[in-house]
$ cat entry00.tsv   # TSV, C-alpha atoms
chain	number	residue	atom	x	y	z
H	1	MET	CA	-13.60	-21.67	15.51
H	2	ASN	CA	-15.52	-24.67	16.93
H	3	ASN	CA	-19.03	-25.64	15.87
H	4	GLN	CA	-20.78	-24.37	18.93
H	5	GLU	CA	-19.36	-20.92	18.47
H	6	SER	CA	-20.30	-20.66	14.81
H	7	ASN	CA	-23.90	-21.70	15.55
H	8	THR	CA	-24.54	-18.80	17.88
H	9	LYS	CA	-25.56	-15.63	16.12
H	10	PRO	CA	-22.72	-13.14	16.10
H	11	LYS	CA	-24.87	-10.37	17.56
H	12	GLU	CA	-25.61	-12.42	20.70
H	13	ARG	CA	-21.93	-12.92	21.48
H	14	LYS	CA	-20.67	-10.82	24.33
H	15	ARG	CA	-17.87	-8.54	23.24
H	16	LYS	CA	-16.35	-5.28	24.19
H	17	GLU	CA	-17.82	-2.61	22.00
H	18	LYS	CA	-15.31	-0.85	19.77
H	19	PRO	CA	-15.42	2.93	19.45
H	20	PRO	CA	-17.07	4.23	16.25
H	21	VAL	CA	-14.88	4.46	13.14
H	22	GLU	CA	-13.09	7.78	12.94
H	23	GLU	CA	-12.33	9.69	9.79
H	24	SER	CA	-8.97	8.81	8.27
H	25	LEU	CA	-6.08	11.27	8.29
H	26	LEU	CA	-5.91	10.96	4.51
H	27	ALA	CA	-9.22	12.69	3.84
H	28	MET	CA	-11.88	11.38	1.47
H	29	GLY	CA	-12.31	12.99	-1.92
H	30	HIS	CA	-8.77	12.47	-3.18
H	31	ARG	CA	-8.44	11.63	-6.88
H	32	ALA	CA	-6.81	8.20	-6.64
H	33	CYS	CA	-8.06	5.67	-9.20
H	34	THR	CA	-10.84	3.32	-8.13
H	35	GLY	CA	-9.22	0.55	-6.08
H	36	CYS	CA	-5.84	2.30	-5.72
H	37	GLY	CA	-3.37	0.33	-3.58
H	38	GLU	CA	-1.19	3.35	-2.91
H	39	ALA	CA	-4.10	5.36	-1.44
H	40	LEU	CA	-4.88	2.37	0.77
H	41	GLY	CA	-1.25	2.11	1.89
H	42	ALA	CA	-0.96	5.84	2.62
H	43	LYS	CA	-4.23	5.78	4.60
H	44	LEU	CA	-3.03	2.87	6.75
H	45	VAL	CA	0.34	4.53	7.44
H	46	MET	CA	-1.14	7.93	8.32
H	47	ASP	CA	-3.76	6.45	10.66
H	48	VAL	CA	-0.97	4.92	12.74
H	49	ALA	CA	1.31	7.97	12.58
H	50	GLY	CA	-1.39	10.27	13.94
H	51	PRO	CA	-1.97	14.01	13.49
H	52	LYS	CA	1.34	15.06	15.10
H	53	THR	CA	3.28	14.10	12.01
H	54	TYR	CA	5.20	16.12	9.44
H	55	VAL	CA	5.06	14.57	6.00
H	56	ALA	CA	7.27	15.24	2.98
H	57	THR	CA	6.17	13.59	-0.23
H	58	ALA	CA	8.12	13.16	-3.46
H	59	THR	CA	6.52	13.78	-6.84
H	60	GLY	CA	4.47	10.86	-8.05
H	61	CYS	CA	0.97	9.43	-8.04
H	62	LEU	CA	0.61	9.97	-4.31
H	63	GLU	CA	1.36	13.68	-4.52
H	64	VAL	CA	-0.73	14.23	-7.65
H	65	PHE	CA	-3.92	12.52	-6.52
H	66	SER	CA	-3.87	13.84	-2.96
H	67	THR	CA	-3.26	17.54	-3.67
H	68	PRO	CA	-5.07	18.87	-6.75
H	69	PHE	CA	-4.97	22.68	-6.35
H	70	PRO	CA	-6.62	24.25	-4.34
H	71	GLU	CA	-7.32	21.21	-2.21
H	72	SER	CA	-5.35	18.84	-0.03
H	73	ALA	CA	-6.32	15.42	1.28
H	74	TRP	CA	-3.73	15.53	4.09
H	75	ARG	CA	-5.01	16.41	7.54
H	76	MET	CA	-1.51	17.08	8.88
H	77	PRO	CA	1.43	19.34	7.95
H	78	TRP	CA	2.43	18.20	4.50
H	79	ILE	CA	5.00	19.42	2.00
H	80	HIS	CA	5.64	18.50	-1.61
H	81	SER	CA	9.31	18.43	-2.46
H	82	LEU	CA	10.88	17.59	-5.81
H	83	PHE	CA	11.04	14.12	-7.29
H	84	GLU	CA	14.42	13.27	-5.79
H	85	ASN	CA	14.63	15.03	-2.43
H	86	SER	CA	11.76	14.05	-0.13
H	87	ALA	CA	14.31	12.35	2.17
H	88	ALA	CA	16.47	15.49	2.27
H	89	VAL	CA	13.46	17.75	2.93
H	90	ALA	CA	12.29	15.49	5.77
H	91	ALA	CA	15.82	15.53	7.20
H	92	GLY	CA	15.69	19.34	7.12
H	93	ILE	CA	12.32	19.36	8.88
H	94	GLU	CA	13.70	17.09	11.60
H	95	ALA	CA	16.82	19.26	12.04
H	96	GLY	CA	14.63	22.38	12.20
H	97	LEU	CA	12.37	20.84	14.86
H	98	ILE	CA	15.40	19.96	16.99
H	99	ALA	CA	16.80	23.49	16.62
H	100	GLN	CA	13.48	24.93	17.79
H	101	GLY	CA	13.13	22.38	20.58
H	102	ARG	CA	9.87	21.04	19.19
H	103	ASP	CA	10.98	17.50	18.43
H	104	LYS	CA	9.16	15.83	21.35
H	105	ASP	CA	6.26	13.49	20.49
H	106	VAL	CA	6.25	14.33	16.80
H	107	ASN	CA	6.99	12.07	13.86
H	108	VAL	CA	8.64	13.01	10.60
H	109	ILE	CA	7.77	10.88	7.60
H	110	ALA	CA	9.24	11.08	4.11
H	111	GLN	CA	7.50	9.18	1.38
H	112	GLY	CA	7.87	8.44	-2.27
H	113	GLY	CA	6.97	5.95	-4.93
H	114	ASP	CA	9.29	3.26	-6.19
H	115	GLY	CA	10.77	5.50	-8.90
H	116	GLY	CA	11.26	8.40	-6.52
H	117	THR	CA	12.97	6.10	-4.03
H	118	ALA	CA	14.89	3.44	-5.91
H	119	ASP	CA	15.92	5.37	-9.04
H	120	ILE	CA	15.73	9.14	-8.71
H	121	GLY	CA	15.85	9.73	-4.97
H	122	ILE	CA	18.31	7.06	-3.88
H	123	GLY	CA	21.09	9.63	-3.40
H	124	CYS	CA	19.10	11.80	-1.02
H	125	LEU	CA	17.75	8.71	0.75
H	126	SER	CA	21.27	7.39	1.27
H	127	GLY	CA	22.38	10.77	2.64
H	128	MET	CA	19.47	10.90	5.08
H	129	LEU	CA	20.23	7.37	6.35
H	130	GLU	CA	23.94	8.08	6.64
H	131	ARG	CA	23.44	11.26	8.70
H	132	GLY	CA	21.15	9.37	11.08
H	133	HIS	CA	18.10	11.62	11.07
H	134	ASN	CA	15.09	10.52	13.11
H	135	VAL	CA	12.91	10.08	10.02
H	136	LEU	CA	10.74	7.23	8.75
H	137	TYR	CA	11.00	6.79	4.99
H	138	VAL	CA	8.04	5.00	3.41
H	139	CYS	CA	8.39	3.71	-0.14
H	140	TYR	CA	5.14	2.81	-1.91
H	141	ASP	CA	6.23	0.18	-4.38
H	142	ASN	CA	3.78	-0.11	-7.29
H	143	GLU	CA	6.53	-1.45	-9.54
H	144	ALA	CA	6.63	1.25	-12.26
H	145	TYR	CA	6.26	4.98	-12.88
H	146	MET	CA	2.45	4.91	-12.81
H	147	ASN	CA	1.82	8.64	-12.72
H	148	THR	CA	3.44	9.33	-16.10
H	149	GLY	CA	1.96	6.28	-17.79
H	150	VAL	CA	3.59	3.03	-16.65
H	151	GLN	CA	7.29	3.30	-17.50
H	152	ARG	CA	9.63	0.71	-16.02
H	153	SER	CA	11.56	1.53	-12.84
H	154	GLY	CA	14.29	-0.18	-10.86
H	155	LEU	CA	11.63	-2.06	-8.88
H	156	THR	CA	9.68	-3.41	-11.86
H	157	PRO	CA	9.65	-7.22	-11.61
H	158	PHE	CA	11.13	-9.59	-14.19
H	159	ASP	CA	9.12	-10.01	-17.44
H	160	ALA	CA	6.49	-7.39	-16.55
H	161	ARG	CA	5.13	-5.47	-19.52
H	162	THR	CA	5.35	-1.69	-19.25
H	163	THR	CA	5.31	1.00	-21.95
H	164	THR	CA	9.12	1.15	-21.96
H	165	SER	CA	9.61	-2.62	-21.66
H	166	PRO	CA	6.94	-3.90	-24.08
H	167	TYR	CA	6.31	-7.49	-25.08
H	168	GLY	CA	7.23	-8.21	-28.70
H	169	LYS	CA	9.04	-10.55	-31.04
H	170	LYS	CA	12.39	-10.05	-29.33
H	171	SER	CA	11.24	-9.07	-25.85
H	172	TRP	CA	9.44	-10.74	-22.96
H	173	GLY	CA	8.93	-7.52	-21.03
H	174	ASN	CA	11.26	-6.13	-18.39
H	175	LYS	CA	14.67	-7.76	-18.71
H	176	THR	CA	15.95	-7.10	-15.20
H	177	GLU	CA	14.94	-8.41	-11.82
H	178	LYS	CA	13.54	-6.26	-9.03
H	179	LYS	CA	16.27	-4.25	-7.33
H	180	ASN	CA	16.93	-5.32	-3.74
H	181	LEU	CA	16.14	-1.89	-2.29
H	182	PRO	CA	15.63	-3.00	1.36
H	183	GLY	CA	19.03	-4.70	1.10
H	184	ILE	CA	20.69	-1.50	-0.11
H	185	VAL	CA	19.03	0.45	2.71
H	186	ALA	CA	19.92	-2.16	5.33
H	187	ALA	CA	23.55	-1.92	4.22
H	188	HIS	CA	23.57	1.56	5.84
H	189	ASN	CA	23.32	-0.30	9.14
H	190	ILE	CA	20.17	1.55	10.25
H	191	PRO	CA	18.01	0.43	13.20
H	192	TYR	CA	14.97	-0.74	11.29
H	193	VAL	CA	14.15	-1.86	7.75
H	194	ALA	CA	10.93	-3.64	6.87
H	195	THR	CA	8.89	-4.65	3.88
H	196	ALA	CA	5.11	-4.81	4.12
H	197	SER	CA	2.08	-5.17	1.89
H	198	VAL	CA	-1.44	-3.78	1.75
H	199	GLY	CA	-2.58	-7.41	1.55
H	200	TYR	CA	-1.82	-7.65	5.29
H	201	PRO	CA	-2.97	-4.30	6.69
H	202	PHE	CA	-2.66	-5.27	10.37
H	203	ASP	CA	0.94	-6.41	9.83
H	204	LEU	CA	1.65	-3.17	7.97
H	205	GLN	CA	0.30	-1.01	10.78
H	206	ARG	CA	2.25	-2.97	13.38
H	207	LYS	CA	5.45	-2.33	11.43
H	208	VAL	CA	4.77	1.41	11.11
H	209	LYS	CA	4.04	1.59	14.84
H	210	LYS	CA	7.24	-0.25	15.66
H	211	ALA	CA	9.29	1.93	13.27
H	212	LEU	CA	7.95	5.14	14.80
H	213	SER	CA	8.87	3.95	18.30
H	214	ILE	CA	12.54	3.63	17.29
H	215	LYS	CA	14.88	6.63	17.24
H	216	GLY	CA	17.00	7.03	14.12
H	217	PRO	CA	16.46	6.46	10.41
H	218	LYS	CA	13.86	3.85	9.50
H	219	PHE	CA	12.70	2.46	6.17
H	220	ILE	CA	9.54	0.61	5.16
H	221	GLN	CA	8.82	-0.59	1.64
H	222	ILE	CA	5.12	-1.24	1.03
H	223	HIS	CA	3.98	-3.34	-1.89
H	224	VAL	CA	0.92	-1.61	-3.38
H	225	PRO	CA	-0.90	-3.05	-6.41
H	226	CYS	CA	-2.01	-0.61	-9.14
H	227	PRO	CA	-5.14	-1.57	-11.12
H	228	LEU	CA	-4.25	0.74	-14.01
H	229	GLY	CA	-0.61	-0.23	-14.53
H	230	TRP	CA	-0.91	-3.91	-13.69
H	231	VAL	CA	-4.15	-4.24	-15.70
H	232	TYR	CA	-6.59	-6.05	-13.41
H	233	PRO	CA	-10.14	-5.34	-12.15
H	234	ALA	CA	-10.13	-2.84	-9.27
H	235	HIS	CA	-11.75	-5.10	-6.66
H	236	LEU	CA	-8.75	-7.49	-6.69
H	237	THR	CA	-6.21	-5.05	-5.18
H	238	VAL	CA	-5.94	-6.73	-1.77
H	239	GLU	CA	-6.30	-10.22	-3.24
H	240	ILE	CA	-3.35	-9.66	-5.61
H	241	ALA	CA	-1.25	-8.15	-2.84
H	242	LYS	CA	-1.85	-11.30	-0.77
H	243	LEU	CA	-1.02	-13.61	-3.68
H	244	ALA	CA	2.27	-11.78	-4.30
H	245	ILE	CA	3.33	-12.82	-0.80
H	246	LEU	CA	1.88	-16.33	-0.86
H	247	THR	CA	3.74	-17.13	-4.11
H	248	GLY	CA	7.05	-16.00	-2.61
H	249	LEU	CA	7.64	-13.27	-5.21
H	250	ILE	CA	7.39	-10.49	-2.60
H	251	PRO	CA	8.95	-11.54	0.70
H	252	ILE	CA	7.86	-9.50	3.73
H	253	TYR	CA	10.36	-9.32	6.55
H	254	GLU	CA	12.01	-7.08	9.12
H	255	MET	CA	15.69	-6.25	9.50
H	256	GLU	CA	17.42	-4.59	12.45
H	257	TYR	CA	20.95	-3.22	11.99
H	258	GLY	CA	21.30	-5.20	8.77
H	259	GLU	CA	20.28	-8.53	10.33
H	260	LEU	CA	17.12	-10.38	9.33
H	261	THR	CA	15.03	-10.65	12.51
H	262	ARG	CA	11.60	-11.73	11.38
H	263	SER	CA	9.88	-12.84	8.20
H	264	ARG	CA	6.33	-13.83	7.33
H	265	LYS	CA	6.30	-17.58	6.72
H	266	ILE	CA	4.30	-18.96	3.83
H	267	GLY	CA	4.66	-22.66	4.66
H	268	LYS	CA	1.72	-24.80	3.58
H	269	ASN	CA	-0.19	-21.85	2.11
H	270	ARG	CA	2.32	-21.49	-0.72
H	271	LYS	CA	0.68	-20.95	-4.11
H	272	PRO	CA	2.14	-21.48	-7.60
H	273	VAL	CA	3.38	-18.23	-9.21
H	274	GLU	CA	0.89	-18.59	-12.06
H	275	GLU	CA	-2.00	-17.78	-9.73
H	276	TYR	CA	-0.51	-14.34	-9.10
H	277	LEU	CA	0.64	-13.70	-12.69
H	278	LYS	CA	-2.56	-14.87	-14.41
H	279	LEU	CA	-4.71	-12.18	-12.78
H	280	GLN	CA	-2.63	-9.36	-14.27
H	281	GLY	CA	-2.63	-8.03	-17.83
H	282	ARG	CA	1.04	-7.06	-17.60
H	283	PHE	CA	2.01	-10.76	-17.51
H	284	LYS	CA	-0.55	-11.88	-20.12
H	285	HIS	CA	2.13	-12.69	-22.72
H	286	LEU	CA	3.51	-15.41	-20.44
H	287	PHE	CA	0.33	-17.44	-20.95
H	288	SER	CA	0.35	-17.47	-24.75
H	289	GLY	CA	1.20	-21.20	-24.76
H	290	LYS	CA	4.48	-20.78	-26.68
H	291	PRO	CA	7.42	-22.96	-25.52
H	292	GLU	CA	9.50	-19.82	-24.77
H	293	ALA	CA	6.73	-18.59	-22.46
H	294	GLU	CA	7.13	-21.74	-20.36
H	295	GLU	CA	10.87	-21.02	-20.10
H	296	GLU	CA	10.15	-17.49	-18.88
H	297	LEU	CA	7.67	-18.83	-16.31
H	298	GLU	CA	10.35	-21.22	-15.07
H	299	LYS	CA	12.67	-18.24	-14.52
H	300	ILE	CA	9.98	-16.53	-12.42
H	301	ARG	CA	9.53	-19.75	-10.40
H	302	GLN	CA	13.26	-19.68	-9.75
H	303	ILE	CA	12.99	-16.11	-8.42
H	304	ALA	CA	10.25	-17.21	-5.98
H	305	GLU	CA	12.35	-20.21	-4.95
H	306	LYS	CA	15.36	-17.97	-4.35
H	307	ASN	CA	13.33	-15.58	-2.16
H	308	ILE	CA	11.92	-18.44	-0.09
H	309	LYS	CA	15.41	-19.82	0.50
H	310	LYS	CA	17.00	-16.44	1.22
H	311	PHE	CA	14.43	-15.19	3.73
H	312	GLY	CA	13.46	-18.57	5.19
H	313	LEU	CA	9.80	-18.33	4.21
H	314	ALA	CA	9.10	-22.07	4.00
X	1	MET	CA	10.85	40.13	5.89
X	2	ALA	CA	10.98	37.13	3.61
X	3	LYS	CA	7.87	36.45	1.64
X	4	PRO	CA	6.33	32.99	2.05
X	5	VAL	CA	7.18	30.66	-0.81
X	6	GLY	CA	4.79	28.05	-2.17
X	7	ILE	CA	1.08	27.48	-1.92
X	8	TYR	CA	-0.94	26.89	1.24
X	9	VAL	CA	-4.28	25.12	1.31
X	10	LYS	CA	-6.53	23.97	4.13
X	11	PRO	CA	-5.88	20.45	5.47
X	12	GLY	CA	-8.40	17.84	4.38
X	13	SER	CA	-10.04	20.24	1.92
X	14	SER	CA	-10.26	17.52	-0.72
X	15	LYS	CA	-13.62	16.64	0.85
X	16	GLU	CA	-15.12	19.35	-1.34
X	17	ASN	CA	-14.66	16.96	-4.23
X	18	LYS	CA	-17.39	14.31	-4.06
X	19	THR	CA	-15.93	11.25	-5.75
X	20	GLY	CA	-19.15	9.24	-5.38
X	21	SER	CA	-20.09	10.19	-8.93
X	22	TRP	CA	-17.31	7.93	-10.27
X	23	ARG	CA	-19.18	4.82	-9.13
X	24	THR	CA	-20.43	2.22	-11.59
X	25	GLU	CA	-21.20	-0.38	-8.91
X	26	ARG	CA	-22.62	0.33	-5.49
X	27	PRO	CA	-21.73	-1.73	-2.40
X	28	ILE	CA	-24.72	-2.72	-0.28
X	29	PHE	CA	-23.89	-3.57	3.32
X	30	LYS	CA	-26.53	-6.14	4.31
X	31	HIS	CA	-25.90	-6.18	8.11
X	32	ASP	CA	-26.94	-9.86	8.28
X	33	THR	CA	-23.85	-11.87	9.11
X	34	CYS	CA	-21.51	-9.05	10.14
X	35	THR	CA	-18.95	-10.16	12.76
X	36	ASP	CA	-17.66	-6.65	13.57
X	37	CYS	CA	-14.19	-7.51	12.24
X	38	ARG	CA	-13.77	-4.13	10.52
X	39	ILE	CA	-11.85	-5.50	7.56
X	40	CYS	CA	-14.08	-3.38	5.28
X	41	VAL	CA	-12.99	-0.28	7.21
X	42	MET	CA	-9.36	-1.33	6.98
X	43	VAL	CA	-9.20	-2.10	3.23
X	44	CYS	CA	-11.20	0.86	1.87
X	45	PRO	CA	-8.69	2.98	-0.14
X	46	ASP	CA	-10.85	6.07	0.41
X	47	GLY	CA	-11.50	5.59	4.12
X	48	ALA	CA	-15.19	5.89	3.32
X	49	VAL	CA	-16.65	3.13	5.54
X	50	PHE	CA	-18.07	4.33	8.86
X	51	GLY	CA	-20.16	2.92	11.69
X	52	SER	CA	-19.93	0.96	14.91
X	53	ASN	CA	-21.25	-2.14	16.68
X	54	TYR	CA	-22.07	-4.46	13.71
X	55	ILE	CA	-23.62	-1.65	11.66
X	56	TYR	CA	-21.22	-0.33	9.01
X	57	ASP	CA	-22.09	1.67	5.93
X	58	PRO	CA	-20.09	3.42	3.20
X	59	ASP	CA	-20.31	7.15	2.69
X	60	TYR	CA	-21.92	7.18	-0.75
X	61	ASP	CA	-20.76	10.76	-1.35
X	62	TYR	CA	-17.18	9.51	-1.59
X	63	CYS	CA	-17.29	5.72	-2.21
X	64	LYS	CA	-15.79	5.09	-5.66
X	65	GLY	CA	-17.32	1.59	-5.88
X	66	CYS	CA	-14.06	-0.35	-6.27
X	67	GLY	CA	-15.56	-3.42	-4.58
X	68	ILE	CA	-12.52	-4.32	-2.44
X	69	CYS	CA	-14.78	-4.44	0.66
X	70	ALA	CA	-17.14	-6.93	-1.02
X	71	GLN	CA	-14.20	-9.05	-2.21
X	72	GLU	CA	-12.49	-9.12	1.20
X	73	CYS	CA	-15.53	-9.46	3.51
X	74	PRO	CA	-14.95	-12.87	5.18
X	75	VAL	CA	-18.68	-13.51	5.68
X	76	ASP	CA	-19.95	-12.13	2.33
X	77	ASP	CA	-22.14	-9.53	3.97
X	78	ILE	CA	-21.47	-6.95	1.23
X	79	GLU	CA	-23.00	-7.11	-2.21
X	80	MET	CA	-22.10	-5.09	-5.31
X	81	VAL	CA	-25.08	-3.96	-7.39
X	82	PRO	CA	-25.02	-1.85	-10.56
X	83	GLU	CA	-25.33	1.85	-9.85
X	84	VAL	CA	-28.58	3.35	-11.17
X	85	ARG	CA	-29.19	7.07	-11.24
$ encode --input "entry00.tsv" --output "structure tokens"
Amino acid sequence: MNNQESNTKPKERKRKEKPPVEESLLAMGHRACTGCGEALGAKLVMDVAGPKTYVATATGCLEVFSTPFPESAWRMPWIHSLFENSAAVAAGIEAGLIAQGRDKDVNVIAQGGDGGTADIGIGCLSGMLERGHNVLYVCYDNEAYMNTGVQRSGLTPFDARTTTSPYGKKSWGNKTEKKNLPGIVAAHNIPYVATASVGYPFDLQRKVKKALSIKGPKFIQIHVPCPLGWVYPAHLTVEIAKLAILTGLIPIYEMEYGELTRSRKIGKNRKPVEEYLKLQGRFKHLFSGKPEAEEELEKIRQIAEKNIKKFGLA
Amino acid sequence: MAKPVGIYVKPGSSKENKTGSWRTERPIFKHDTCTDCRICVMVCPDGAVFGSNYIYDPDYDYCKGCGICAQECPVDDIEMVPEVR
């Protein structure tokens, strides 16, 4: 923006008037925690998908907070499956719509959390991808089983403290690295795989729009911060999501038929990993000042370095 | 004929539950420096910010007071004040 432009009052600038804000397709009044990243992610996805969408949701936070009996926050056909089979249920919905000849101009979305996708539901997800159903699978990755009280999952990052990977004398938190779920999915050779983040909502919505325009199985993994499980003040949700990307710990990219086609470059905006870790209570033990803590931090820096190299983020 | 299985509820009926009572801090939209960018609308986890043409306000019946809008507003036009009832 040049100086002249910033001096004029914004209200005097001539611009095309936008239509008034419409109500979201994930209705207000759901019981998500204050500052919930998953609610934000689901809202952004549904607003792009539109009302002509069939949604199957796995058990998890998303299902619990959006549908407390006798209410539902979804303003579209929605079904709760079991923990492991939201992909299979969505595949069935798609097959049913084709059999009835009602598959024109409708979307079918299956969704689940990181546990329901990467650990429990990976079998059904793999089956759905293999059979080539025209379904978009959305994984909301909050990096642990938040609904049952923060147990570690396959997507919990290295050294994060959860109730089943606590910090103690002989432990620095979660021992394993984050599972490369988009890589596993892309290995099925499906038309579109993407990772996104609520830190970049416009990018997220563009990816959902693109995915829905493609015929065949699609997969999007959305990184959604959780104030309760990650232990940070609620107003930082979007800030933390952005920092995860700018530090290189969460790469966001797109893959088509198993090939990397596009990634979000960090370049000069790259931040040290400490900026991201320091804000969260689950990494607090890494800043105790002990010499071992410095070693653990170095390992996390290596993970960021590896991601930047692998996905060409620099 | 097969009986229907499961439970049916009306779509969007969660609006009966007014989550505004959860709030400990209240966002005040000042309407001074607003640039109509709609980032506040985009980042609200509850979809509770409404309005048009430089005038945006949260729906206080549902706003949970998380403060993401105030944190993300690029021109600092939103202020969080303690909720007083």
$ residues_around --input "entry00.tsv" --residues "Leu297 (chain H)" --least-positions-apart "3" --cutoff "10 Å" --atoms "all atoms listed in the file" --output "list in words"
Asp159, Val273, Glu274, Leu277, Phe283, Leu286, Phe287, Glu292, Ala293, Glu294, Ile300, Arg301, Gln302 and Ile303 of chain H
$ closest_atom_pairs --input "entry00.tsv" --of "chain H" --to "chain X" --cutoff "9 Å" --atoms "all atoms listed in the file" --output "JSON lines"
{"residue": "H:Lys9", "atom": "CA", "partner": "X:Thr33", "partner_atom": "CA", "distance": 8.1}
{"residue": "H:Pro10", "atom": "CA", "partner": "X:Thr35", "partner_atom": "CA", "distance": 5.9}
{"residue": "H:Lys11", "atom": "CA", "partner": "X:Tyr54", "partner_atom": "CA", "distance": 7.6}
{"residue": "H:Glu17", "atom": "CA", "partner": "X:Asn53", "partner_atom": "CA", "distance": 6.3}
{"residue": "H:Lys18", "atom": "CA", "partner": "X:Asn53", "partner_atom": "CA", "distance": 6.8}
{"residue": "H:Pro19", "atom": "CA", "partner": "X:Ser52", "partner_atom": "CA", "distance": 6.7}
{"residue": "H:Pro20", "atom": "CA", "partner": "X:Ser52", "partner_atom": "CA", "distance": 4.5}
{"residue": "H:Val21", "atom": "CA", "partner": "X:Phe50", "partner_atom": "CA", "distance": 5.3}
{"residue": "H:Glu22", "atom": "CA", "partner": "X:Phe50", "partner_atom": "CA", "distance": 7.3}
{"residue": "H:Glu23", "atom": "CA", "partner": "X:Gly47", "partner_atom": "CA", "distance": 7.0}
{"residue": "H:Ser24", "atom": "CA", "partner": "X:Gly47", "partner_atom": "CA", "distance": 5.8}
{"residue": "H:Leu25", "atom": "CA", "partner": "X:Gly12", "partner_atom": "CA", "distance": 8.0}
{"residue": "H:Leu26", "atom": "CA", "partner": "X:Gly12", "partner_atom": "CA", "distance": 7.3}
{"residue": "H:Ala27", "atom": "CA", "partner": "X:Gly12", "partner_atom": "CA", "distance": 5.2}
{"residue": "H:Met28", "atom": "CA", "partner": "X:Asp46", "partner_atom": "CA", "distance": 5.5}
{"residue": "H:Gly29", "atom": "CA", "partner": "X:Lys15", "partner_atom": "CA", "distance": 4.8}
{"residue": "H:His30", "atom": "CA", "partner": "X:Ser14", "partner_atom": "CA", "distance": 5.8}
{"residue": "H:Arg31", "atom": "CA", "partner": "X:Thr19", "partner_atom": "CA", "distance": 7.6}
{"residue": "H:Ala32", "atom": "CA", "partner": "X:Asp46", "partner_atom": "CA", "distance": 8.4}
{"residue": "H:Cys33", "atom": "CA", "partner": "X:Lys64", "partner_atom": "CA", "distance": 8.5}
{"residue": "H:Thr34", "atom": "CA", "partner": "X:Cys66", "partner_atom": "CA", "distance": 5.2}
{"residue": "H:Gly35", "atom": "CA", "partner": "X:Cys66", "partner_atom": "CA", "distance": 4.9}
{"residue": "H:Cys36", "atom": "CA", "partner": "X:Pro45", "partner_atom": "CA", "distance": 6.3}
{"residue": "H:Gly37", "atom": "CA", "partner": "X:Pro45", "partner_atom": "CA", "distance": 6.9}
{"residue": "H:Glu38", "atom": "CA", "partner": "X:Pro45", "partner_atom": "CA", "distance": 8.0}
{"residue": "H:Ala39", "atom": "CA", "partner": "X:Pro45", "partner_atom": "CA", "distance": 5.3}
{"residue": "H:Leu40", "atom": "CA", "partner": "X:Pro45", "partner_atom": "CA", "distance": 4.0}
{"residue": "H:Gly41", "atom": "CA", "partner": "X:Pro45", "partner_atom": "CA", "distance": 7.8}
{"residue": "H:Ala42", "atom": "CA", "partner": "X:Pro45", "partner_atom": "CA", "distance": 8.7}
{"residue": "H:Lys43", "atom": "CA", "partner": "X:Pro45", "partner_atom": "CA", "distance": 7.1}
{"residue": "H:Leu44", "atom": "CA", "partner": "X:Met42", "partner_atom": "CA", "distance": 7.6}
{"residue": "H:Ser66", "atom": "CA", "partner": "X:Ser14", "partner_atom": "CA", "distance": 7.7}
{"residue": "H:Thr67", "atom": "CA", "partner": "X:Ser14", "partner_atom": "CA", "distance": 7.6}
{"residue": "H:Pro68", "atom": "CA", "partner": "X:Ser14", "partner_atom": "CA", "distance": 8.1}
{"residue": "H:Phe69", "atom": "CA", "partner": "X:Val9", "partner_atom": "CA", "distance": 8.1}
{"residue": "H:Pro70", "atom": "CA", "partner": "X:Val9", "partner_atom": "CA", "distance": 6.2}
{"residue": "H:Glu71", "atom": "CA", "partner": "X:Ser14", "partner_atom": "CA", "distance": 4.9}
{"residue": "H:Ser72", "atom": "CA", "partner": "X:Ser14", "partner_atom": "CA", "distance": 5.1}
{"residue": "H:Ala73", "atom": "CA", "partner": "X:Gly12", "partner_atom": "CA", "distance": 4.4}
{"residue": "H:Trp74", "atom": "CA", "partner": "X:Gly12", "partner_atom": "CA", "distance": 5.2}
{"residue": "H:Arg75", "atom": "CA", "partner": "X:Pro11", "partner_atom": "CA", "distance": 4.6}
{"residue": "H:Met76", "atom": "CA", "partner": "X:Pro11", "partner_atom": "CA", "distance": 6.5}
{"residue": "H:Pro77", "atom": "CA", "partner": "X:Pro11", "partner_atom": "CA", "distance": 7.8}
{"residue": "H:Trp78", "atom": "CA", "partner": "X:Pro11", "partner_atom": "CA", "distance": 8.7}
{"residue": "H:Val198", "atom": "CA", "partner": "X:Val43", "partner_atom": "CA", "distance": 8.1}
{"residue": "H:Gly199", "atom": "CA", "partner": "X:Val43", "partner_atom": "CA", "distance": 8.7}
{"residue": "H:Pro201", "atom": "CA", "partner": "X:Met42", "partner_atom": "CA", "distance": 7.1}
{"residue": "H:Phe202", "atom": "CA", "partner": "X:Met42", "partner_atom": "CA", "distance": 8.5}
{"residue": "H:Pro233", "atom": "CA", "partner": "X:Cys66", "partner_atom": "CA", "distance": 8.7}
{"residue": "H:Ala234", "atom": "CA", "partner": "X:Cys66", "partner_atom": "CA", "distance": 5.5}
{"residue": "H:His235", "atom": "CA", "partner": "X:Ile68", "partner_atom": "CA", "distance": 4.4}
{"residue": "H:Leu236", "atom": "CA", "partner": "X:Ile68", "partner_atom": "CA", "distance": 6.5}
{"residue": "H:Thr237", "atom": "CA", "partner": "X:Ile68", "partner_atom": "CA", "distance": 6.9}
{"residue": "H:Val238", "atom": "CA", "partner": "X:Ile68", "partner_atom": "CA", "distance": 7.0}
{"residue": "H:Glu239", "atom": "CA", "partner": "X:Glu72", "partner_atom": "CA", "distance": 7.7}
$ residues_around --input "entry00.tsv" --residues "Tyr167 (chain H)" --least-positions-apart "4" --cutoff "10 Å" --atoms "all atoms listed in the file" --output "list in words"
Asp159, Ala160, Arg161, Thr162, Thr163, Ser171, Trp172, Gly173, Asn174, Arg282, Phe283, Lys284, His285 and Leu286 of chain H
